[in-house]
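Structure, as structure tokens:
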Amino acid sequence: MPDDEVHSAAARERARRWRLILGRYADRSLAANTSLTGTDADLEHALGYLYDREYAERGHRMTPGSGGSLDPSALNAITWLERTRQLFPRSTFERLQTQAIERYGMTQLLADPGAAAAMEPSPQLGAALLNIRGSLDANLEAGLREVISRVVAEIVARVRATFTQNLLGRRDRTRRSAQPVAANFDWRGTIAANLSRYDTATKKLGIERVLFNARVKRSLPWDVVLCVDQSGSMASSVLYSAVCASILAGLPGVNVRLILFDTSVVDMTHLAADPVAVLMTAQLGGGTDIAGALGFCESLITKPSRTVLALISDFEEGGSVPQLMATVTRLREAGVKLLGLAALDEQAEARYDPRVGGMLADRGMQIAALTPDRFAEWLGEVMA
């Protein structure tokens, strides 16, 4: 293809992309030279249904012949969901539905049972719903519970095996097991035991002996206290913590306590096995009193040397920092294993107050920012 044709094709593609970005508010000359048909027209319609709300909120009026309106009857919520799912990659679709709820208040998605069932469960969607739950009408609760239940089920299915593998006794690499359990598979030992069967021509390793490690069962139960900050910025952490607590509650040898706090403290242990009930009860918002919450947790501890206290927070203390440090020092000196999990944003990046986090670390609390599966591995190492 000649250079001028290449440049012309590139220019047309740039114009097309700008036309999709700007939508019906594109410059007239751009709109005239980049008429959208077929899939592009569907893309504009789907994006416009959501993002034209941004213009409407800023006072822009639709002009005659500009291509539609925000009337839900033109493209109702469930139709929009299904069309958007078909048009975009899954990651993009999940982001669009999350913004529809969190940024543009499209709560009609929850009012329609079909739309609620059509939504793609994701942690980001769950966090968005938790953030707006307190402002929703009671008649939307059924749809909210439906979506939250599916989000929870998706996370549980993904991380339960990791918790089970890491907490039902540590692997003993010095002893073999005759039980072919995937969680106990010793890949290093298996490779070493079959090296003589390596075929240099095909560069493949033939496996004759598959080795599995035995496990050392825990002789005494452990108490695990999850102390979870439920201030306004902690929706994702509350979601994951509720799921982790429910999995821990079902494991033998683990006694779990679930504590939620902002400036007050609520013991949710009686609901720990039911993460949906926890999330439908949690009240996100308010300030943060970590010192008060850890003081409450301290009163629950009866076996310090067999207790793990995990603080899940952004460490933005609104209470007494000296009191917080004094409590952490007492807990450490008593033998409690202290873990501090920093809040994660949507990109799984740590978001916390480094000053308070550093002070907690100086007093013996191990600090990390971990996804739930990595938290399970960390907890298994601490309880080994």
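Labels for the structure tokens follow display order: chains A, B, ..., residues from 1 in each chain, ligands from 1.
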
Practice task
Just the residues within 10 Å of Asp373 in chain A, please, counting only C-alpha atoms, with nothing from its chain fewer than 2 positions along; format it as an MDAnalysis selection string.
Solution key: chainID A and resid 158:163 166 244 370:371 375:379

Exercise for the section: Write out as an MDAnalysis selection string each polymer residue whose atoms come within 8 Å of range 144-149 of chain A, counting only C-alpha atoms; drop sequence neighbours fewer than 5 positions from it. Expected result: chainID A and resid 110 116:117 119 121 126 129 276 280

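Comparing A:Val278, A:Met234, A:Leu271, A:Ala128 by their smallest distance to Phe315 in chain A, the closest is A:Met234 (using only C-alpha atoms).
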
Problem - Residue with smallest distance to Gly380 in chain A - pool A:Lys203, A:Ala342, A:Ser320, A:Thr164, counting only C-alpha atoms - result: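 Checking each candidate against Gly380 in chain A, we get A:Thr164 as the closest.
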
Practice task
Tell me which protein, DNA and RNA residues are within 10 Å of Ser237 in chain A, counting only C-alpha atoms, leaving out same-chain ones fewer than 4 positions away, and put them as a count of residues only.
Solution key: 19

Problem - Which residue of A:Leu324, A:Val225, A:Val156, A:Val151 approaches Thr269 in chain A most closely, using only C-alpha atoms - result: A:Val225

Exercise for the section: Fewer than 3 positions away in the same chain doesn't count, so skip those; otherwise give me all residues within 10 Å of Gly134 in chain A, counting only C-alpha atoms, as a PyMOL selection string. Expected result: chain A and resi 129-131+137-138+280-285

Practice task
Kindly give the distance, in Å, that separates CA of Thr92 in chain A and CA of Glu141 in chain A, rounded to a single decimal.
Solution key: 26.2 Å

Problem - Atom-to-atom span, CA of Ala272 in chain A and CA of Ala249 in chain A, Å - result: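 Going from CA of Ala272 in chain A over to CA of Ala249 in chain A covers 6.7 Å.
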
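Pairwise distance (CA of Ile155 in chain A, CA of Gly357 in chain A) equals 27.4 Å.
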
Can you list every residue in range 121-284 of chain A that DSSP puts in strand (DSSP E or B), as a CSV table (one decimal) with N, CA and C atoms, in the first residue's frame?
chain,number,residue,atom,x,y,z
A,170,ARG,N,0.0,-27.4,57.5
A,170,ARG,CA,1.0,-27.1,56.5
A,170,ARG,C,1.6,-28.4,55.9
A,171,ARG,N,2.2,-28.2,54.7
A,171,ARG,CA,2.8,-29.4,54.1
A,171,ARG,C,4.1,-29.7,54.7
A,172,ASP,N,4.3,-31.0,54.9
A,172,ASP,CA,5.6,-31.5,55.5
A,172,ASP,C,6.4,-32.1,54.3
A,173,ARG,N,7.4,-31.4,53.9
A,173,ARG,CA,8.2,-31.8,52.7
A,173,ARG,C,9.2,-32.9,53.1
A,174,THR,N,9.2,-33.3,54.3
A,174,THR,CA,10.1,-34.5,54.7
A,174,THR,C,9.4,-35.8,54.7
A,175,ARG,N,8.0,-35.8,54.6
A,175,ARG,CA,7.3,-37.0,54.6
A,175,ARG,C,6.4,-37.0,53.3
A,176,ARG,N,6.2,-38.3,52.8
A,176,ARG,CA,5.4,-38.5,51.6
A,176,ARG,C,4.0,-39.0,52.0
A,185,PHE,N,0.6,-31.7,46.0
A,185,PHE,CA,1.5,-32.1,44.9
A,185,PHE,C,2.8,-31.5,45.1
A,198,TYR,N,14.1,-37.9,31.1
A,198,TYR,CA,14.1,-36.7,30.2
A,198,TYR,C,14.6,-37.1,28.9
A,199,ASP,N,13.8,-36.8,27.8
A,199,ASP,CA,14.1,-37.1,26.4
A,199,ASP,C,14.7,-35.8,25.8
A,204,LYS,N,11.1,-33.4,26.4
A,204,LYS,CA,10.0,-33.7,27.2
A,204,LYS,C,10.4,-34.6,28.4
A,205,LEU,N,9.7,-34.4,29.5
A,205,LEU,CA,10.0,-35.2,30.7
A,205,LEU,C,8.9,-36.2,30.9
A,212,PHE,N,3.7,-36.7,46.4
A,212,PHE,CA,2.8,-35.8,47.2
A,212,PHE,C,3.3,-35.7,48.6
A,213,ASN,N,3.3,-34.5,49.2
A,213,ASN,CA,3.7,-34.3,50.5
A,213,ASN,C,2.6,-34.7,51.5
A,214,ALA,N,3.0,-35.1,52.7
A,214,ALA,CA,2.1,-35.3,53.8
A,214,ALA,C,1.8,-33.9,54.4
A,215,ARG,N,0.8,-33.8,55.3
A,215,ARG,CA,0.5,-32.6,56.0
A,215,ARG,C,0.6,-32.8,57.5
A,216,VAL,N,1.1,-31.8,58.2
A,216,VAL,CA,1.1,-31.7,59.6
A,216,VAL,C,-0.1,-31.1,60.1
A,222,TRP,N,-6.8,-22.3,66.2
A,222,TRP,CA,-6.3,-20.9,66.2
A,222,TRP,C,-7.5,-20.0,66.3
A,223,ASP,N,-7.4,-18.8,66.9
A,223,ASP,CA,-8.4,-17.8,66.9
A,223,ASP,C,-7.9,-16.7,65.9
A,224,VAL,N,-8.8,-16.4,64.9
A,224,VAL,CA,-8.4,-15.4,63.9
A,224,VAL,C,-9.5,-14.3,64.1
A,225,VAL,N,-9.0,-13.1,64.4
A,225,VAL,CA,-9.8,-11.9,64.5
A,225,VAL,C,-9.6,-11.0,63.3
A,226,LEU,N,-10.7,-10.8,62.5
A,226,LEU,CA,-10.6,-9.9,61.4
A,226,LEU,C,-11.2,-8.6,61.8
A,227,CYS,N,-10.4,-7.5,61.9
A,227,CYS,CA,-10.9,-6.2,62.3
A,227,CYS,C,-10.9,-5.3,61.1
A,228,VAL,N,-12.1,-5.0,60.6
A,228,VAL,CA,-12.2,-4.4,59.3
A,228,VAL,C,-12.8,-3.0,59.3
A,229,ASP,N,-12.0,-2.1,58.8
A,229,ASP,CA,-12.4,-0.7,58.7
A,229,ASP,C,-13.5,-0.6,57.6
A,254,VAL,N,-10.1,-23.5,63.2
A,254,VAL,CA,-10.1,-22.0,63.1
A,254,VAL,C,-11.3,-21.5,63.7
A,255,ASN,N,-11.2,-20.6,64.7
A,255,ASN,CA,-12.3,-19.9,65.3
A,255,ASN,C,-12.2,-18.4,64.9
A,256,VAL,N,-13.1,-18.0,64.1
A,256,VAL,CA,-13.1,-16.6,63.5
A,256,VAL,C,-14.0,-15.6,64.2
A,257,ARG,N,-13.5,-14.4,64.4
A,257,ARG,CA,-14.3,-13.3,64.9
A,257,ARG,C,-14.2,-12.2,63.8
A,258,LEU,N,-15.4,-11.7,63.5
A,258,LEU,CA,-15.4,-10.6,62.4
A,258,LEU,C,-15.9,-9.3,63.1
A,259,ILE,N,-15.1,-8.3,63.1
A,259,ILE,CA,-15.4,-7.0,63.7
A,259,ILE,C,-15.3,-5.9,62.6
A,260,LEU,N,-16.4,-5.2,62.5
A,260,LEU,CA,-16.5,-4.0,61.6
A,260,LEU,C,-16.4,-2.8,62.4
A,261,PHE,N,-15.8,-1.7,61.9
A,261,PHE,CA,-15.7,-0.5,62.7
A,261,PHE,C,-15.6,0.7,61.8
A,265,VAL,N,-18.0,0.3,66.8
A,265,VAL,CA,-17.5,-1.1,66.6
A,265,VAL,C,-18.7,-2.0,66.6
A,266,VAL,N,-18.8,-2.9,65.6
A,266,VAL,CA,-19.9,-3.8,65.6
A,266,VAL,C,-19.3,-5.2,65.4
A,267,ASP,N,-19.7,-6.1,66.3
A,267,ASP,CA,-19.3,-7.5,66.3
A,267,ASP,C,-20.2,-8.3,65.3

Practice task
Find the residues around range 326-339 of chain A up to 12 Å (only C-alpha atoms counted), leave out those fewer than 6 positions away in its own chain, and share them as a PyMOL selection string.
Solution key: chain A and resi 222-228+290-313+320+357+359-370+375+378-379+381-384
